[in-house]
Amino acid sequence: RGIRFGSSLTVISNSYTGEDRQGTGYDWDIYFDYKAYQSDAFRITLGAQFEDRDTWSGTDPNFNGFPSTSIFILDGNFYDHEPDLVEAWVQVANDDFELLVGRFDQGRRFAGFSYGGSFRYFFNQAFSGNSTLSLPFAQAFGADLTWHINSEWYAMIGVADANAVSQKMYNGNGDLFSYAELAYHPDNGYYHFYAWHDSGGERDREKGGTPVPTPESYGVGMSLERKIGNRTTLFSRLGLANKDGTAPSKSQVSVGFVYDTINPYSVGGGISWNEPTDVPLFNTIEPVNSAQYTAEIFARANLTDKINLSFGLTSLTNPFYVDESTDYVASARFQIWY
């Protein structure tokens with residue numbers, strides 16, 4: 001029992017050659033959890049997270065290379081907002097089941113991937129995420145239930161507010177994002193199989209914004225990983241989504257590797273093939289190319305056990321929305337946490 005506090009400050013800078021654009025911004029998170037009750041077979045945990053994001057210079061670094069070339073935004077999601085309570089949840093668990101209820105990040109719970117997520121390894125969401133998955137725009141109010149079948153298998157089901165809004169605890173319009181996942185975790189691998197559904201509705205994306213109609217969306221995917229020795233992981237991410245939904249693309253095949261020594265450095269790379277959906281971007285911009293190839297290499301150095309510095313280079317070949325051959329994005333990321 002007790003309260004645990006933590007914080008992280010992440011600064012990301014992206015430079016895009018296609019239109020000679022640059023952007024730098026930061027994300028500051030403060031989070032805590034509290035074990036309200038614990039016995040030999042039962043525990044209750046409360047958690048919360050506060051977040052502040054802003055663009056320091058240039059264009060919002062989240063959107064360098066988007067939308068003029070690629071549907072893939074770079075990791076960061078630096079939509080500017082004042083300090084906000086973005087998560088508040090309670091978890092009830094025993095040795096076999098976990099129930100999580102409240103506002104939380106479905107992207108951290110669902111469609112798992114060891115080297116995914118913002119601010120960790122890869123920069124581009126073709127690798128850190130899955131472009132055929134249409135998650136709620138912000139941390140959403142919802143619930144999920146995890147069943148630990150045994151030491152190697154678990155299953156998860158969940159529902160959430162499909163059109164969650166930043167700086168708003170609950171959107172309250174009844175549109176649902178639902179998901180299910182089956183995961184296998186042997187000692188040398190990590191295999192996830194999942195399906196999801198978004199009922200569509202009205203998405204305003206920011207508090208007080210004008211709601212935009214969104215269509216029904218659904219899809220399936222897999223995250224496959226295999227460890228080679230103690231330091232190298234080979235991975236593949238595959239996904240399919242309906243062609244007229246809100247997912248960034250309707251199909252994806254990504255492969256890559258990460259060589260991770262944790263201390264002092266990590267390196268990795270990947271290639272992704274994607275097809276655009278049939279829905280015009282912002283309902284106005286039609287795809288130019290039928291398939292895009294995205295490649296990235298990155299290097300991350302742990303300067304101390306609390307400070308790391310990463311560099312990445314991403315190439316966009318046959319980008320969805322512009323008739324050009326290849327453009328590049330150079331990225332840098334600095335992070336401090338405790």
# chains A, B, ... in the order shown; residues from 1 in each chain; ligands from 1
>>> select_by_dssp(residues="stretch 40-270 of chain A", states="strand (DSSP E or B)", output="PyMOL selection string")
chain A and resi 43-58+74+81-93+97-104+124+140-148+153-161+166+176-184+189-198+201-203+206+212-214+217-228+232-241+249-260+265-270
>>> residues_around(residues="A:Asp144", least_positions_apart="6", cutoff="7 Å", atoms="only C-alpha atoms", output="PyMOL selection string")
chain A and resi 99-101+156-159
>>> write_last_selection(atoms="N, CA and C atoms", output="PDB file, in the first residue's frame")
ATOM      1  N   LEU A  99     -10.028  -5.591 -13.727  1.00  0.00           N
ATOM      2  CA  LEU A  99     -11.065  -4.713 -14.244  1.00  0.00           C
ATOM      3  C   LEU A  99     -10.593  -3.279 -14.083  1.00  0.00           C
ATOM      4  N   LEU A 100     -10.521  -2.547 -15.182  1.00  0.00           N
ATOM      5  CA  LEU A 100     -10.096  -1.144 -15.177  1.00  0.00           C
ATOM      6  C   LEU A 100     -11.272  -0.289 -15.619  1.00  0.00           C
ATOM      7  N   VAL A 101     -11.620   0.744 -14.832  1.00  0.00           N
ATOM      8  CA  VAL A 101     -12.749   1.614 -15.126  1.00  0.00           C
ATOM      9  C   VAL A 101     -12.315   3.065 -14.922  1.00  0.00           C
ATOM     10  N   MET A 156      -8.574 -10.020 -23.414  1.00  0.00           N
ATOM     11  CA  MET A 156      -9.077  -8.728 -22.974  1.00  0.00           C
ATOM     12  C   MET A 156     -10.282  -8.328 -23.810  1.00  0.00           C
ATOM     13  N   ILE A 157     -11.280  -7.716 -23.183  1.00  0.00           N
ATOM     14  CA  ILE A 157     -12.389  -7.078 -23.875  1.00  0.00           C
ATOM     15  C   ILE A 157     -12.602  -5.711 -23.243  1.00  0.00           C
ATOM     16  N   GLY A 158     -13.090  -4.745 -24.052  1.00  0.00           N
ATOM     17  CA  GLY A 158     -13.286  -3.413 -23.500  1.00  0.00           C
ATOM     18  C   GLY A 158     -14.188  -2.553 -24.352  1.00  0.00           C
ATOM     19  N   VAL A 159     -14.695  -1.484 -23.745  1.00  0.00           N
ATOM     20  CA  VAL A 159     -15.490  -0.478 -24.438  1.00  0.00           C
ATOM     21  C   VAL A 159     -15.030   0.889 -23.956  1.00  0.00           C
TER      22      VAL A 159
END
>>> atom_distance(atom1="atom CA of A:Thr146", atom2="atom CA of A:Arg103")
16.6 Å
>>> closest_residue(among="A:Tyr115, A:Tyr191, A:Ala155, A:Glu181", to="A:Tyr259", atoms="only C-alpha atoms")
A:Tyr115
>>> closest_residue(among="A:Arg4, A:Arg237, A:Arg333, A:Lys243", to="A:Gln125", atoms="only C-alpha atoms")
A:Arg237
>>> closest_residue(among="A:Glu275, A:Asn94, A:Ser151, A:Trp56", to="A:Ala41", atoms="only C-alpha atoms")
A:Asn94
>>> atom_distance(atom1="atom CA of A:Gly201", atom2="atom CA of A:Asn130")
22.1 Å
>>> residues_around(residues="A:Tyr194", least_positions_apart="6", cutoff="7 Å", atoms="only C-alpha atoms", output="PyMOL selection string")
chain A and resi 111+180-182+220-222
>>> write_last_selection(atoms="C-alpha atoms", output="PDB file, in the first residue's frame")
ATOM      1  CA  ALA A 111      -3.006  -3.890 -29.517  1.00  0.00           C
ATOM      2  CA  ALA A 180     -11.103  -7.603 -27.984  1.00  0.00           C
ATOM      3  CA  GLU A 181      -7.661  -9.147 -27.852  1.00  0.00           C
ATOM      4  CA  LEU A 182      -5.986 -12.511 -27.326  1.00  0.00           C
ATOM      5  CA  VAL A 220      -8.465  -6.672 -37.219  1.00  0.00           C
ATOM      6  CA  GLY A 221      -4.743  -6.879 -36.627  1.00  0.00           C
ATOM      7  CA  MET A 222      -1.749  -8.799 -35.322  1.00  0.00           C
TER       8      MET A 222
END
>>> closest_residue(among="A:Pro83, A:Gly256, A:Gly2, A:Gly142", to="A:Ile30", atoms="only C-alpha atoms")
A:Pro83
>>> atom_distance(atom1="atom CA of A:Val267", atom2="atom CA of A:Phe334")
15.6 Å
